[in-house]
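Here the structure comes first, spelled out in structure tokens, and everything after it is commentary.
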Amino acid sequence: MSAGLSFDGRVVLVTGAGGGLGRAYALAFAERGASVVVNDLGGDSKGHGKSSSAADKVVEEIRAKGGKAVANYDSVEAGEKLVQSALEAFGRIDIVINNAGILRDRSFARISDEDWDIIHRVHLKGSFLVTRAAWNHMKNQKFGRIIMTSSAAGIYGNFGQANYSAAKLGLLGLSNTLAIEGRKYNIHSNTIAPTAGSRLTQAIMPQDLVDAFKPEYVAPLVLWLCHERCQENGGLFEVGAGWIGKLRWERSLGSIVREKNHPMTPEAVQDKWEKICDFDNASKPRTIQESVSILNDVLSQIESEEVSMNPTSYTRSASSGFDPSKYVGQKLPTVVYNYTHLQPILYALGVGMTTKDPDHLKFVFEGSEAFCCLPTFGVIPAQASLWDGGLSSVPGLNSDFTKLLHGEQYLELYKPLPTSGLLTSESTIADILDKGSGALILLDVHTYCGKDLLCYNQFSLFIVGAGGFGGKRTSEKAKVTVNPPNRTPDAVLSDVTTVDQAALYRLSGDWNPLHIDPGFAALGGFQKPILHGLCSFGFAARHVLKHFANNDVTRFKAIKVRFVKPVFPGQTLQTEMWKEGNRIHVQTKVKETGEVAIAGAYVDLTSILDKPSAKDPIKASGLQSDLVFEEIGRRIKEVGNQLVKKVNAIFQWDITKGGETAAQWTIDLKNGSGEVYQGPAQGSADTTFTLSDQDFMEVVLGKINPQKAFFSGKLKVKGNIMLSQKLEMILKDYAKL
């Protein structure tokens, strides 16, 4: 079960909150700590009359339960007054629920101007005015959540509700645009189409249905969409009776119905009508850029006179003769990659390594005794297979590679990568899948140093507009993504990318102008050049390596990611991590927008037999100190939560015997409820102590003062020395045998 959602400190304005859905929302928010403005004009379902009693009753209910609420009796057409009520009572406005509404149902021929206008004034203009009044306050505080209330009548149409349907679908368009404009300010706008018993539905639903469709079955969705943890933005949801479903647009592949230098005729439309309306292999555009991108393909095909009036689609059809089996299994020319220490250093800097962090020195300084390659450098020698002499050289595979999108990436290492050398990569087309709106090519690349296999990459490459050839949609050869656990991340690390991050990363060999040329980026529908997906990939991998493997590259086994949303240079990459055994689940978000950039990702770390994890049983090493650590571990189990709050640090002990490291122990008082385990710290240790088994026992028994042991050289400390003061408390209170 997920952790409870609290709205402590949040201020919510609910319009039309005197009954039905609005009342349910107001009560639910207040119950979870929000301060609520209960707005209701107090009129009837047709918009006649006015009364304060409806809002007052709900406020009384909230206050009787210990909640905070004030009433507002204004029409939503006075949007500024509603928001001012929130500011005067509670000092801010965080969430706006546009719920107020009335009905003036008439068949289309009988709708009067007044019936039309009042529905639009209350539903559409009212929601606009209230939201506009709150907008700048939300922008300034970098937080806002907005709910628009649409209807099944707006989505599908309904007899006798032309005025209502038009207004309700208008709210969806308004919400979608607010989602785009508000994204960079952490303002999210979503639309719901609820089915619930209320004064509006009593006239069109039998009473038993009104009773079954309780407003309380809608409110939980609204609360989730408005919580700071929820990153949904621009969504449309149908909800009722305890069921929730998300809607999206679907578009047929369509057909080109004209030729160059020929008029377009209605007869041509008639001839292609079946194909125009055929939803097999349909696409699902999510943005206006995705929607219009198809027209560039259409124009280029018409201009190049490649369109015949006989084919039934602008993409490859099953009858076009394209047979993926001709290409699956085909090997591409071998690619040679010759490099010196310069390339690994350049790559490390490209994925955010910096000399500000002492742990990074071994990745950016060739003179370091521990100089090594980041594991994800393994994609660099392999990526050459995508360019000249690679996929584009395959005879008959005539896809437009300027429309290539990098969908997913898998990398597995078999040996640490050398810091210089001559590598060869052998590539094979593992499979080609038909995704309708495009073709997905799985490219397997094995990279060798001499005869030794170093690493394996699988590139998942989506080519827009190359689908529709009747091929299969899935493959057992694909390395699949895995969703993270449904709990709070075990660790979160953030790094700000520089405005020149893409310019720096491209020097590692990805020369796509999309990442450097504003004009080229604009052609792709982006406001400015975007960061390479593999650059974000590198950031995520090194976050895992640092936190869970102490930057030990020998622990790195494999990584899989799915690229979801673009990142712009200068934005902050926030990596969320969940540890489950040797697998670290990963999700990367853009901190400024909350949007997920990398999803379904994981990093597999190797298990070290002589360095057990926290979950492994303790192995006896024959040292006296083993007994102490085992006892500390038992006692910390009882009070670990308290110690984590007090100490918030990870301590690693390197116990020596005869001048050699004989055992390693970790006291983790930072993660979870605290634990003690044999082996190195699973995350980066804040402080590492090195001393002999005998000296450790004398410190514990009080025969040697820790400060004297340090100054005499018997105790060596690395990391945050000041934390050793907190450790004294642990040894004093929990190490008594």
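Every chain in the structure tokens has a letter given in the order shown (A, B, ...), and although residue numbers restart at 1 in each chain, ligands are simply numbered from 1 in the order shown.
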
Determine which residues of range 460-536 of chain A receive a DSSP assignment of alpha helix (DSSP H), computed from the backbone, and state them as JSON, numbers by chain. {"A": [501, 502, 503, 504, 505, 518, 519, 520, 521, 522, 523, 533, 534, 535, 536]}

Atoms to include: all heavy atoms. Write the selected residues as a tab-separated table (two decimals), in the first residue's frame.
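Contents of selection-v4.tsv, freshly written:
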```tsv
chain	number	residue	atom	x	y	z
A	501	GLN	N	25.82	21.21	-22.20
A	501	GLN	CA	25.97	19.77	-21.98
A	501	GLN	C	25.90	18.98	-23.28
A	501	GLN	O	26.70	18.08	-23.53
A	501	GLN	CB	24.89	19.27	-21.02
A	501	GLN	CG	25.24	17.95	-20.33
A	501	GLN	CD	26.30	18.13	-19.26
A	501	GLN	OE1	26.13	18.91	-18.36
A	501	GLN	NE2	27.41	17.42	-19.39
A	502	ALA	N	24.93	19.33	-24.15
A	502	ALA	CA	24.79	18.62	-25.42
A	502	ALA	C	25.98	18.91	-26.34
A	502	ALA	O	26.47	18.03	-27.04
A	502	ALA	CB	23.49	18.99	-26.11
A	503	ALA	N	26.44	20.17	-26.31
A	503	ALA	CA	27.59	20.54	-27.15
A	503	ALA	C	28.84	19.76	-26.73
A	503	ALA	O	29.67	19.40	-27.57
A	503	ALA	CB	27.84	22.04	-27.04
A	504	LEU	N	28.96	19.49	-25.43
A	504	LEU	CA	30.10	18.72	-24.93
A	504	LEU	C	29.92	17.22	-25.21
A	504	LEU	O	30.84	16.56	-25.67
A	504	LEU	CB	30.25	18.97	-23.43
A	504	LEU	CG	31.38	18.24	-22.70
A	504	LEU	CD1	32.73	18.59	-23.32
A	504	LEU	CD2	31.37	18.59	-21.22
A	505	TYR	N	28.73	16.71	-24.96
A	505	TYR	CA	28.51	15.27	-25.14
A	505	TYR	C	28.68	14.85	-26.60
A	505	TYR	O	29.19	13.76	-26.89
A	505	TYR	CB	27.12	14.86	-24.65
A	505	TYR	CG	26.89	13.38	-24.79
A	505	TYR	CD1	27.33	12.49	-23.81
A	505	TYR	CD2	26.28	12.84	-25.92
A	505	TYR	CE1	27.17	11.12	-23.95
A	505	TYR	CE2	26.12	11.47	-26.08
A	505	TYR	CZ	26.56	10.62	-25.09
A	505	TYR	OH	26.41	9.26	-25.24
A	518	PRO	N	19.76	25.14	-33.57
A	518	PRO	CA	18.38	25.54	-33.26
A	518	PRO	C	17.43	25.39	-34.44
A	518	PRO	O	16.27	25.01	-34.28
A	518	PRO	CB	18.52	27.01	-32.85
A	518	PRO	CG	19.94	27.15	-32.39
A	518	PRO	CD	20.73	26.21	-33.26
A	519	GLY	N	17.92	25.68	-35.64
A	519	GLY	CA	17.08	25.56	-36.82
A	519	GLY	C	16.66	24.13	-37.08
A	519	GLY	O	15.50	23.84	-37.40
A	520	PHE	N	17.62	23.22	-36.94
A	520	PHE	CA	17.31	21.80	-37.15
A	520	PHE	C	16.35	21.30	-36.06
A	520	PHE	O	15.43	20.52	-36.34
A	520	PHE	CB	18.60	20.98	-37.13
A	520	PHE	CG	18.46	19.60	-37.70
A	520	PHE	CD1	18.68	19.35	-39.04
A	520	PHE	CD2	18.10	18.54	-36.87
A	520	PHE	CE1	18.53	18.07	-39.56
A	520	PHE	CE2	17.95	17.26	-37.38
A	520	PHE	CZ	18.17	17.02	-38.73
A	521	ALA	N	16.57	21.76	-34.82
A	521	ALA	CA	15.69	21.35	-33.72
A	521	ALA	C	14.26	21.84	-33.96
A	521	ALA	O	13.29	21.12	-33.68
A	521	ALA	CB	16.21	21.90	-32.40
A	522	ALA	N	14.13	23.05	-34.52
A	522	ALA	CA	12.79	23.59	-34.80
A	522	ALA	C	12.05	22.73	-35.82
A	522	ALA	O	10.83	22.55	-35.72
A	522	ALA	CB	12.91	25.03	-35.30
A	523	LEU	N	12.78	22.20	-36.80
A	523	LEU	CA	12.15	21.32	-37.78
A	523	LEU	C	11.58	20.07	-37.12
A	523	LEU	O	10.61	19.48	-37.61
A	523	LEU	CB	13.16	20.91	-38.86
A	523	LEU	CG	13.61	22.02	-39.82
A	523	LEU	CD1	14.69	21.50	-40.75
A	523	LEU	CD2	12.42	22.54	-40.62
A	533	GLY	N	19.68	11.52	-25.59
A	533	GLY	CA	19.12	10.54	-24.67
A	533	GLY	C	20.21	9.76	-23.97
A	533	GLY	O	20.12	9.47	-22.77
A	534	LEU	N	21.28	9.42	-24.71
A	534	LEU	CA	22.37	8.66	-24.11
A	534	LEU	C	23.19	9.48	-23.12
A	534	LEU	O	23.93	8.92	-22.31
A	534	LEU	CB	23.28	8.08	-25.19
A	534	LEU	CG	22.70	6.88	-25.94
A	534	LEU	CD1	23.64	6.42	-27.05
A	534	LEU	CD2	22.41	5.72	-24.99
A	535	CYS	N	23.05	10.80	-23.18
A	535	CYS	CA	23.70	11.64	-22.15
A	535	CYS	C	22.92	11.50	-20.84
A	535	CYS	O	23.51	11.27	-19.78
A	535	CYS	CB	23.74	13.08	-22.62
A	535	CYS	SG	24.57	14.20	-21.46
A	536	SER	N	21.59	11.60	-20.90
A	536	SER	CA	20.76	11.39	-19.70
A	536	SER	C	20.98	9.99	-19.15
A	536	SER	O	21.01	9.77	-17.93
A	536	SER	CB	19.28	11.59	-20.05
A	536	SER	OG	19.06	12.89	-20.55
```

All residues 7 Å or closer to range 17-25 of chain A, only C-alpha atoms, same chain fewer than 3 positions away omitted, as a list of chain:residue names: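 Counting only C-alpha atoms, the residues come to A:Val14, A:Ala28, A:Phe29, A:Val38, A:Asn39, A:Asp40, A:Ala54, A:Ala55, A:Val58, A:Asn99, A:Gly197, A:Ser198, A:Arg199, A:Pro215, A:Glu216, A:Ala219.
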
If you keep C-alpha atoms, can you produce a file of those selected residues as a PDB file, in the first residue's frame?
```
ATOM      1  CA  VAL A  14     -13.768  24.063  -5.144  1.00  0.00           C
ATOM      2  CA  ALA A  28     -12.073  14.844   1.102  1.00  0.00           C
ATOM      3  CA  PHE A  29      -9.468  17.614   0.784  1.00  0.00           C
ATOM      4  CA  VAL A  38     -16.299  26.164  -0.509  1.00  0.00           C
ATOM      5  CA  ASN A  39     -17.855  28.103  -3.381  1.00  0.00           C
ATOM      6  CA  ASP A  40     -21.524  27.792  -4.293  1.00  0.00           C
ATOM      7  CA  ALA A  54     -25.536  25.212   0.512  1.00  0.00           C
ATOM      8  CA  ALA A  55     -21.970  26.482   0.975  1.00  0.00           C
ATOM      9  CA  VAL A  58     -20.518  22.131   3.805  1.00  0.00           C
ATOM     10  CA  ASN A  99     -16.770  21.886 -10.814  1.00  0.00           C
ATOM     11  CA  GLY A 197     -25.234  11.158  -8.732  1.00  0.00           C
ATOM     12  CA  SER A 198     -25.867  14.878  -8.268  1.00  0.00           C
ATOM     13  CA  ARG A 199     -28.577  17.468  -8.700  1.00  0.00           C
ATOM     14  CA  PRO A 215     -19.585  11.260  -5.711  1.00  0.00           C
ATOM     15  CA  GLU A 216     -17.253   9.570  -3.217  1.00  0.00           C
ATOM     16  CA  ALA A 219     -13.181  12.229  -5.375  1.00  0.00           C
TER      17      ALA A 219
END
```

9 Å contact set for range 246-257 of chain A, only C-alpha atoms, chain neighbours under 2 positions out, as a PyMOL selection string: chain A and resi 235-239+244+259+264-265+268-269+271-273+275-286+298+302+307+309+311-315+436-437+468

Give me, as an mmCIF file with N, CA, C and O atoms, in the first residue's frame, all polymer residues having an atom no more than 12 Å from Ile288 in chain A, counting only C-alpha atoms and skipping those fewer than 5 positions away in the same chain.
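Saved file out.cif follows:
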```cif
data_model
loop_
_atom_site.group_PDB
_atom_site.id
_atom_site.type_symbol
_atom_site.label_atom_id
_atom_site.label_comp_id
_atom_site.auth_asym_id
_atom_site.auth_seq_id
_atom_site.Cartn_x
_atom_site.Cartn_y
_atom_site.Cartn_z
ATOM 1 N N ASN A 176 -5.867 21.280 -21.874
ATOM 2 C CA ASN A 176 -4.680 20.795 -22.588
ATOM 3 C C ASN A 176 -3.676 21.913 -22.834
ATOM 4 O O ASN A 176 -2.459 21.716 -22.741
ATOM 5 N N THR A 177 -4.169 23.099 -23.152
ATOM 6 C CA THR A 177 -3.266 24.227 -23.381
ATOM 7 C C THR A 177 -2.653 24.717 -22.077
ATOM 8 O O THR A 177 -1.464 25.056 -22.019
ATOM 9 N N ILE A 180 0.297 22.642 -21.165
ATOM 10 C CA ILE A 180 1.516 22.984 -21.913
ATOM 11 C C ILE A 180 2.144 24.258 -21.354
ATOM 12 O O ILE A 180 3.350 24.324 -21.096
ATOM 13 N N TRP A 249 -6.265 10.149 -27.918
ATOM 14 C CA TRP A 249 -6.679 10.209 -29.307
ATOM 15 C C TRP A 249 -6.054 9.063 -30.091
ATOM 16 O O TRP A 249 -4.919 8.667 -29.838
ATOM 17 N N SER A 293 3.449 16.319 -37.863
ATOM 18 C CA SER A 293 4.703 15.806 -38.434
ATOM 19 C C SER A 293 4.452 14.932 -39.656
ATOM 20 O O SER A 293 5.269 14.878 -40.576
ATOM 21 N N ILE A 294 3.311 14.268 -39.690
ATOM 22 C CA ILE A 294 2.982 13.396 -40.815
ATOM 23 C C ILE A 294 2.889 14.185 -42.117
ATOM 24 O O ILE A 294 3.177 13.668 -43.200
ATOM 25 N N LEU A 295 2.485 15.460 -42.022
ATOM 26 C CA LEU A 295 2.294 16.248 -43.231
ATOM 27 C C LEU A 295 3.615 16.514 -43.940
ATOM 28 O O LEU A 295 3.654 16.659 -45.165
ATOM 29 N N GLY A 524 12.204 19.650 -36.013
ATOM 30 C CA GLY A 524 11.713 18.485 -35.284
ATOM 31 C C GLY A 524 10.625 18.820 -34.280
ATOM 32 O O GLY A 524 10.170 17.947 -33.547
ATOM 33 N N GLY A 525 10.228 20.094 -34.231
ATOM 34 C CA GLY A 525 9.155 20.497 -33.329
ATOM 35 C C GLY A 525 9.626 20.908 -31.953
ATOM 36 O O GLY A 525 8.814 21.037 -31.026
ATOM 37 N N PHE A 526 10.953 21.146 -31.785
ATOM 38 C CA PHE A 526 11.483 21.528 -30.475
ATOM 39 C C PHE A 526 11.821 23.011 -30.469
ATOM 40 O O PHE A 526 12.312 23.552 -31.461
#
```

Ranking A:Gly43, A:Pro680, A:Gly470, A:Gly234 by minimum distance to Trp665 in chain A and counting only C-alpha atoms, which one comes first? A:Pro680

Taking only C-alpha atoms into account, which of A:Pro484, A:Gly509, A:Gly378, A:Pro220 comes nearest Tyr448 in chain A?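 Under the stated criterion, the closest residue is A:Gly378.
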
Closest to Ile632 in chain A among A:His120, A:Gly101, A:Lys326, A:Ile667, using only C-alpha atoms?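 Between A:His120, A:Gly101, A:Lys326, A:Ile667, the residue approaching Ile632 in chain A most closely is A:Ile667.
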
Could you give me the residues within range 489-577 of chain A that DSSP places in strand (DSSP E or B), as an NGL selection string? :A and (491-496 or 556-563 or 572-577)

Work out how far CA of Ile432 in chain A is from CA of Thr376 in chain A, in Å to one decimal.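 Between CA of Thr376 in chain A and CA of Ile432 in chain A the gap works out to 25.3 Å.
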
Using only C-alpha atoms: which of A:Gly49, A:Gly242, A:Asn163, A:Ala478 has the shortest distance to Thr195 in chain A: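 Residue with the minimum atom-to-atom distance to Thr195 in chain A: A:Gly242.
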
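Between Ser425 in chain A and the candidates A:Gln343, A:Gln458, A:Gln682, A:Gln383, the tightest atom-to-atom separation, counting only C-alpha atoms, involves A:Gln383.
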
Test item: residues at most 7 Å from range 565-581 of chain A, only C-alpha atoms, excluding those fewer than 5 positions along its chain, as a PDB file with N, CA, C and O atoms, in the first residue's frame:
```pdb
ATOM      1  N   PRO A 484       9.318   0.336 -11.834  1.00  0.00           N
ATOM      2  CA  PRO A 484       9.883   0.348 -10.478  1.00  0.00           C
ATOM      3  C   PRO A 484       8.856  -0.106  -9.447  1.00  0.00           C
ATOM      4  O   PRO A 484       7.652  -0.140  -9.730  1.00  0.00           O
ATOM      5  N   PRO A 489      11.096   6.070  -3.444  1.00  0.00           N
ATOM      6  CA  PRO A 489      12.457   5.653  -3.822  1.00  0.00           C
ATOM      7  C   PRO A 489      13.373   5.509  -2.612  1.00  0.00           C
ATOM      8  O   PRO A 489      13.233   6.228  -1.616  1.00  0.00           O
ATOM      9  N   ASP A 490      14.312   4.565  -2.711  1.00  0.00           N
ATOM     10  CA  ASP A 490      15.289   4.377  -1.642  1.00  0.00           C
ATOM     11  C   ASP A 490      16.346   5.471  -1.658  1.00  0.00           C
ATOM     12  O   ASP A 490      16.970   5.756  -0.638  1.00  0.00           O
ATOM     13  N   ALA A 491      16.565   6.060  -2.815  1.00  0.00           N
ATOM     14  CA  ALA A 491      17.564   7.132  -2.929  1.00  0.00           C
ATOM     15  C   ALA A 491      17.205   8.010  -4.117  1.00  0.00           C
ATOM     16  O   ALA A 491      16.644   7.540  -5.105  1.00  0.00           O
ATOM     17  N   VAL A 492      17.531   9.298  -4.000  1.00  0.00           N
ATOM     18  CA  VAL A 492      17.302  10.256  -5.082  1.00  0.00           C
ATOM     19  C   VAL A 492      18.536  11.139  -5.196  1.00  0.00           C
ATOM     20  O   VAL A 492      18.983  11.721  -4.208  1.00  0.00           O
ATOM     21  N   LEU A 493      19.102  11.217  -6.391  1.00  0.00           N
ATOM     22  CA  LEU A 493      20.248  12.095  -6.646  1.00  0.00           C
ATOM     23  C   LEU A 493      19.900  13.041  -7.789  1.00  0.00           C
ATOM     24  O   LEU A 493      19.191  12.654  -8.728  1.00  0.00           O
ATOM     25  N   SER A 494      20.398  14.265  -7.721  1.00  0.00           N
ATOM     26  CA  SER A 494      20.118  15.263  -8.756  1.00  0.00           C
ATOM     27  C   SER A 494      21.412  15.890  -9.249  1.00  0.00           C
ATOM     28  O   SER A 494      22.367  16.056  -8.486  1.00  0.00           O
ATOM     29  N   ASP A 495      21.415  16.235 -10.525  1.00  0.00           N
ATOM     30  CA  ASP A 495      22.534  16.959 -11.125  1.00  0.00           C
ATOM     31  C   ASP A 495      21.975  17.970 -12.118  1.00  0.00           C
ATOM     32  O   ASP A 495      21.096  17.634 -12.919  1.00  0.00           O
ATOM     33  N   VAL A 496      22.491  19.186 -12.068  1.00  0.00           N
ATOM     34  CA  VAL A 496      22.098  20.200 -13.041  1.00  0.00           C
ATOM     35  C   VAL A 496      22.975  20.043 -14.281  1.00  0.00           C
ATOM     36  O   VAL A 496      24.208  20.035 -14.186  1.00  0.00           O
ATOM     37  N   THR A 497      22.348  19.893 -15.443  1.00  0.00           N
ATOM     38  CA  THR A 497      23.123  19.877 -16.683  1.00  0.00           C
ATOM     39  C   THR A 497      23.483  21.314 -17.044  1.00  0.00           C
ATOM     40  O   THR A 497      22.766  22.252 -16.682  1.00  0.00           O
ATOM     41  N   THR A 498      24.564  21.491 -17.744  1.00  0.00           N
ATOM     42  CA  THR A 498      24.946  22.839 -18.165  1.00  0.00           C
ATOM     43  C   THR A 498      24.269  23.163 -19.493  1.00  0.00           C
ATOM     44  O   THR A 498      23.811  22.268 -20.215  1.00  0.00           O
ATOM     45  N   VAL A 499      24.229  24.439 -19.836  1.00  0.00           N
ATOM     46  CA  VAL A 499      23.624  24.832 -21.115  1.00  0.00           C
ATOM     47  C   VAL A 499      24.442  24.293 -22.287  1.00  0.00           C
ATOM     48  O   VAL A 499      23.945  24.189 -23.409  1.00  0.00           O
ATOM     49  N   ASP A 500      25.701  23.936 -22.029  1.00  0.00           N
ATOM     50  CA  ASP A 500      26.564  23.386 -23.078  1.00  0.00           C
ATOM     51  C   ASP A 500      26.706  21.867 -22.981  1.00  0.00           C
ATOM     52  O   ASP A 500      27.601  21.286 -23.602  1.00  0.00           O
ATOM     53  N   GLN A 501      25.822  21.212 -22.201  1.00  0.00           N
ATOM     54  CA  GLN A 501      25.967  19.768 -21.980  1.00  0.00           C
ATOM     55  C   GLN A 501      25.903  18.982 -23.282  1.00  0.00           C
ATOM     56  O   GLN A 501      26.699  18.079 -23.531  1.00  0.00           O
ATOM     57  N   ALA A 502      24.927  19.328 -24.146  1.00  0.00           N
ATOM     58  CA  ALA A 502      24.795  18.618 -25.417  1.00  0.00           C
ATOM     59  C   ALA A 502      25.981  18.915 -26.341  1.00  0.00           C
ATOM     60  O   ALA A 502      26.471  18.026 -27.041  1.00  0.00           O
ATOM     61  N   PRO A 529      17.573  23.108 -29.214  1.00  0.00           N
ATOM     62  CA  PRO A 529      18.224  21.784 -29.262  1.00  0.00           C
ATOM     63  C   PRO A 529      18.026  21.012 -27.958  1.00  0.00           C
ATOM     64  O   PRO A 529      18.008  21.587 -26.868  1.00  0.00           O
ATOM     65  N   ILE A 530      17.869  19.705 -28.089  1.00  0.00           N
ATOM     66  CA  ILE A 530      17.622  18.849 -26.926  1.00  0.00           C
ATOM     67  C   ILE A 530      18.884  18.074 -26.557  1.00  0.00           C
ATOM     68  O   ILE A 530      19.806  17.920 -27.364  1.00  0.00           O
ATOM     69  N   LEU A 531      18.913  17.581 -25.333  1.00  0.00           N
ATOM     70  CA  LEU A 531      20.031  16.779 -24.846  1.00  0.00           C
ATOM     71  C   LEU A 531      19.951  15.372 -25.438  1.00  0.00           C
ATOM     72  O   LEU A 531      18.859  14.840 -25.656  1.00  0.00           O
ATOM     73  N   ALA A 540      22.158   8.934 -15.299  1.00  0.00           N
ATOM     74  CA  ALA A 540      21.430   7.981 -14.451  1.00  0.00           C
ATOM     75  C   ALA A 540      22.338   6.849 -13.994  1.00  0.00           C
ATOM     76  O   ALA A 540      22.327   6.450 -12.820  1.00  0.00           O
ATOM     77  N   VAL A 586      15.320   2.317 -11.774  1.00  0.00           N
ATOM     78  CA  VAL A 586      15.681   3.720 -11.990  1.00  0.00           C
ATOM     79  C   VAL A 586      14.569   4.445 -12.750  1.00  0.00           C
ATOM     80  O   VAL A 586      13.968   3.889 -13.681  1.00  0.00           O
ATOM     81  N   GLN A 587      14.325   5.677 -12.351  1.00  0.00           N
ATOM     82  CA  GLN A 587      13.465   6.586 -13.105  1.00  0.00           C
ATOM     83  C   GLN A 587      14.094   7.965 -13.051  1.00  0.00           C
ATOM     84  O   GLN A 587      14.474   8.430 -11.978  1.00  0.00           O
ATOM     85  N   THR A 588      14.221   8.608 -14.198  1.00  0.00           N
ATOM     86  CA  THR A 588      14.830   9.933 -14.251  1.00  0.00           C
ATOM     87  C   THR A 588      13.775  10.964 -14.613  1.00  0.00           C
ATOM     88  O   THR A 588      13.053  10.798 -15.597  1.00  0.00           O
ATOM     89  N   LYS A 589      13.705  12.025 -13.823  1.00  0.00           N
ATOM     90  CA  LYS A 589      12.760  13.106 -14.082  1.00  0.00           C
ATOM     91  C   LYS A 589      13.509  14.410 -14.343  1.00  0.00           C
ATOM     92  O   LYS A 589      14.645  14.587 -13.891  1.00  0.00           O
ATOM     93  N   VAL A 590      12.859  15.304 -15.057  1.00  0.00           N
ATOM     94  CA  VAL A 590      13.341  16.677 -15.163  1.00  0.00           C
ATOM     95  C   VAL A 590      12.782  17.419 -13.954  1.00  0.00           C
ATOM     96  O   VAL A 590      11.572  17.561 -13.805  1.00  0.00           O
ATOM     97  N   LYS A 591      13.649  17.841 -13.073  1.00  0.00           N
ATOM     98  CA  LYS A 591      13.211  18.394 -11.789  1.00  0.00           C
ATOM     99  C   LYS A 591      12.341  19.628 -11.968  1.00  0.00           C
ATOM    100  O   LYS A 591      11.368  19.835 -11.232  1.00  0.00           O
ATOM    101  N   GLU A 592      12.673  20.459 -12.963  1.00  0.00           N
ATOM    102  CA  GLU A 592      11.935  21.715 -13.128  1.00  0.00           C
ATOM    103  C   GLU A 592      10.491  21.488 -13.572  1.00  0.00           C
ATOM    104  O   GLU A 592       9.603  22.292 -13.271  1.00  0.00           O
ATOM    105  N   VAL A 596       8.790  12.759 -16.591  1.00  0.00           N
ATOM    106  CA  VAL A 596       9.684  11.606 -16.633  1.00  0.00           C
ATOM    107  C   VAL A 596      10.433  11.601 -17.962  1.00  0.00           C
ATOM    108  O   VAL A 596       9.824  11.648 -19.026  1.00  0.00           O
ATOM    109  N   ALA A 597      11.755  11.540 -17.897  1.00  0.00           N
ATOM    110  CA  ALA A 597      12.584  11.502 -19.104  1.00  0.00           C
ATOM    111  C   ALA A 597      13.031  10.081 -19.423  1.00  0.00           C
ATOM    112  O   ALA A 597      13.146   9.697 -20.588  1.00  0.00           O
TER     113      ALA A 597
END
```

Between CA of Ile559 in chain A and CA of Tyr410 in chain A, what is the distance, to one decimal in Å?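 If I compute the distance from CA of Ile559 in chain A to CA of Tyr410 in chain A, I get 5.7 Å.
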
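Each of A:Gln409, A:Gln652, A:Thr593, A:Asn551 was compared to Pro358 in chain A using only C-alpha atoms, and A:Asn551 turns out to be the nearest.
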